[in-house]
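Asks: Next up is a structure, given as structure tokens.
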Amino acid sequence: MLTSLYVRHFAVVEAAEIAFGPGLTVVSGETGAGKSLMVDALMLLAGARADSGMVRAGSDRAELAAEFDLADLPEARDWLQREELDEDGNCQLRRVIRAEGSSKAWINGRPANARQLGELASVLVEIHGQHEHQALLARSHQLALLDAFAGHDRLLADVRDSALQWREAGARIHKLSGGDDRDQRIELLRHELGELEKWALPAEALTELETSHKRFANAGRLAEGAAGVVDLLDGESEFALRRGLSRAHAELGKLVTLDTRLLPVLELLDNASIQLDEASDRLGRYAQDVDLDPDRYAEIDTHLARLHELSRKHRLPVAELHDRLDVLQVELAELENAGEALEKLALERTRLHDQYATLASNLSKARANAAMRLGKEVSALMTELGMTGGVLAVELEATPSDEPDPQGNERCELLVSANPGQPPRPLRKVASGGELARISLAIEVATLGKDTIGTMVFDEVDSGIGGAVAEVVGQKLRALGVQRQVLCVTHLPQVAAQGHAHLLVSKQSDDGSTHTRIHRLDAAGRRDELARMLGGVEITRETRAHAKQMLERAQSA
């Protein structure tokens, strides 16, 4: 669960650090105070796109950080381990947004990109925004919602894997049974293999060829250079090393007669003389033996030129051409023996199709059962949320295709009747904005808690309702808070009263600047805030008493 959130120079917040606990935490405040800033901060930490407008005026950057307890989140721990971002069971997300619009992110102190933030956040926190109910209009989302409600993860994975295996077998059959293309491919492969077998070399042989080419290309320079070095060592010039060494040896020999301690140095000069003779002799022979064979040089040059042509042709480095032989030989063998391979693949594809049919049928049955349960639960919740007599039905429509589909054999359509006596019609055609928001909330309540995500965030999803319906919404969220950590931004006192904890967002202006403050309310503070939410600007004794009753009723429920 989320344990802390830190924001600095973010929008109108100068600095705030908030600790969170389990259960339902409600967030309230006056209009314009910035109640949704915590949600915005979490969305940015989840990889949402950032812009410079999020940085507090006059600051060069905004900083956001959140810490999560992963004790009950094995999926998050596994993800961190796979990405090599784990850190002793901890999880800290951090993001810095600069005034010029750039941003950087870190996971457990190590740099991360938006993809990584999004993947990790998807198993840490689920955010329901004010306009998320619009996603319900997409049929693909409706099918995903039904599967999430029923917990079809394993069934879906089996169906998807079976369909993809069937498609892969089909692709291999298509490749092997290409008709004229197949004959052309065989001819091309044989030609390419012939070229590679003639010219491509293993790594050691290629290195030797390149070394020989370099030596042949510089043979004249090598011979001339070696002869020049021999002249420096043992030439006729008075500056030749041999002459200088001989003079040094003679002079040192005289000194040794005066002091025998110089004898070891004289021996060193003797050794140097021997090595100089050896070096001069070897260089002399090298200069005479340097291979100046132009025919051999032309042969090596041609070989390397062909290798570079093949490198461009196959779009591979020269060093990888020899490995290409194995790949082409395997493909040629498959094509030349296509008859037997095609028979095996046809049998395998038939088996995969039968396997898919069984798995997809199991998924279809599970979906039909889940559709009835979801329809009943949401219809009951619609009545509780003030849509008396409202009905939601989940219609499954078979897809007209013989080919295995990774999503299964049906598509989903949510049908709704908001008023008694009216037949259900597609949700995207009949629901008004207010009805859609309320139906969305009913579906969310029915489907929440079906996954393993530890923190759920609601940003004023209770807009457009009030009275007894609002109290029911608050009760549902509080009940959910017993199972999960729930954060809810709300403007309704009936919802706020149900919280296990209450955060107040307030705005203050001084010296021409605006500051937003976030702090946790005690019992008296909660009563006063509920009274404000109930009574507006003027808080009377009656509104305080009403607020107190609401809190007592919520806490005793």
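By order in the structure tokens, chains are A, B, ...; within a chain, residues start at 1; ligands start at 1, following the order shown.
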Show me, as number ranges by chain, the residues that have an atom within 7 Å of range 494-509 of chain A when counting only C-alpha atoms, minus same-chain residues fewer than 3 positions from it.
Replies: A: 23-30, 33-35, 470-471, 473-475, 478, 490, 512-521, 526, 550-551, 554
Asks: Can you list every residue in range 300-459 of chain A that DSSP puts in helix (DSSP H, G or I), as an MDAnalysis selection string?
Replies: chainID A and resid 300:314 318:336 338:384 427:430 433:447
Asks: Give the answer as one residue: which of A:Arg221, A:Asp40, A:Ser273, A:Leu146 has the shortest atom-to-atom distance to Gly244 in chain A, using only C-alpha atoms?
Replies: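 Smallest distance to Gly244 in chain A is found for A:Ser273.
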Asks: Which residues, written as a PyMOL selection string, have at least one atom at most 10 Å from Glu224 in chain A, with only C-alpha atoms counted and residues fewer than 6 positions away on the same chain left out?
Replies: chain A and resi 287-288+290
Asks: Using only C-alpha atoms, which of the listed residues (A:Asp293, A:Glu100, A:Glu267, A:Asp301) sits closest to Glu210 in chain A?
Replies: A:Asp301
Asks: What does the distance from CA of His314 in chain A to CA of Glu192 in chain A come to in Å, to one decimal?
Replies: 9.4 Å
Asks: Which residue out of A:Ala150, A:Arg115, A:Gln549, A:Arg411 has the minimum interatomic distance to Asn369 in chain A when only C-alpha atoms are used?
Replies: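 Closest residue, counting only C-alpha atoms: A:Ala150.
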Asks: Using only C-alpha atoms, which residues sit within 8 Å of Leu193 in chain A once same-chain residues fewer than 4 positions away are excluded, as a list of chain:residue names?
Replies: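 In the requested form, the answer reads A:Leu189, A:Glu197, A:Leu325, A:Leu328, A:Gln329.
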Asks: Can you work out the spacing between CA of Ala148 in chain A and CA of Leu117 in chain A in Å, to one decimal?
Replies: 22.3 Å
Asks: Measuring atom to atom with only C-alpha atoms, identify which of A:Arg172, A:Trp79, A:Ala279, A:Gly32 is nearest to Leu342 in chain A.
Replies: A:Arg172
Asks: Between A:Leu85, A:Leu487, A:Leu44, A:Leu137, which one has atoms that come closest to Ala114 in chain A, using only C-alpha atoms?
Replies: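 Among A:Leu85, A:Leu487, A:Leu44, A:Leu137, it is A:Leu44 that comes nearest to Ala114 in chain A.
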Asks: Could you check the closest approach to Ala15 in chain A for each of A:Ile186, A:Ala65, A:Leu414, A:Leu120 and tell me which residue wins, using only C-alpha atoms?
Replies: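 Answer, going by the shortest atom-to-atom distance: A:Ala65.
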Asks: To one decimal in Å, tell me the separation between CA of Arg49 in chain A and CA of Leu145 in chain A.
Replies: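 CA of Leu145 in chain A lies at a distance of 25.2 Å from CA of Arg49 in chain A.
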Asks: What lies within 8 Å of Val125 in chain A using only C-alpha atoms, ignoring chain neighbours under 6 positions off, as a VMD selection string?
Replies: chain A and resid 453 to 457
Asks: Could you please take those selected residues and save C-alpha atoms as a PDB file, in the first residue's frame?
Replies:
ATOM      1  CA  ILE A 453      -3.779  -4.107  -6.515  1.00  0.00           C
ATOM      2  CA  GLY A 454      -3.282  -2.734  -3.010  1.00  0.00           C
ATOM      3  CA  THR A 455      -4.264   0.944  -3.446  1.00  0.00           C
ATOM      4  CA  MET A 456      -7.365   2.357  -5.162  1.00  0.00           C
ATOM      5  CA  VAL A 457      -7.800   6.079  -5.801  1.00  0.00           C
TER       6      VAL A 457
END
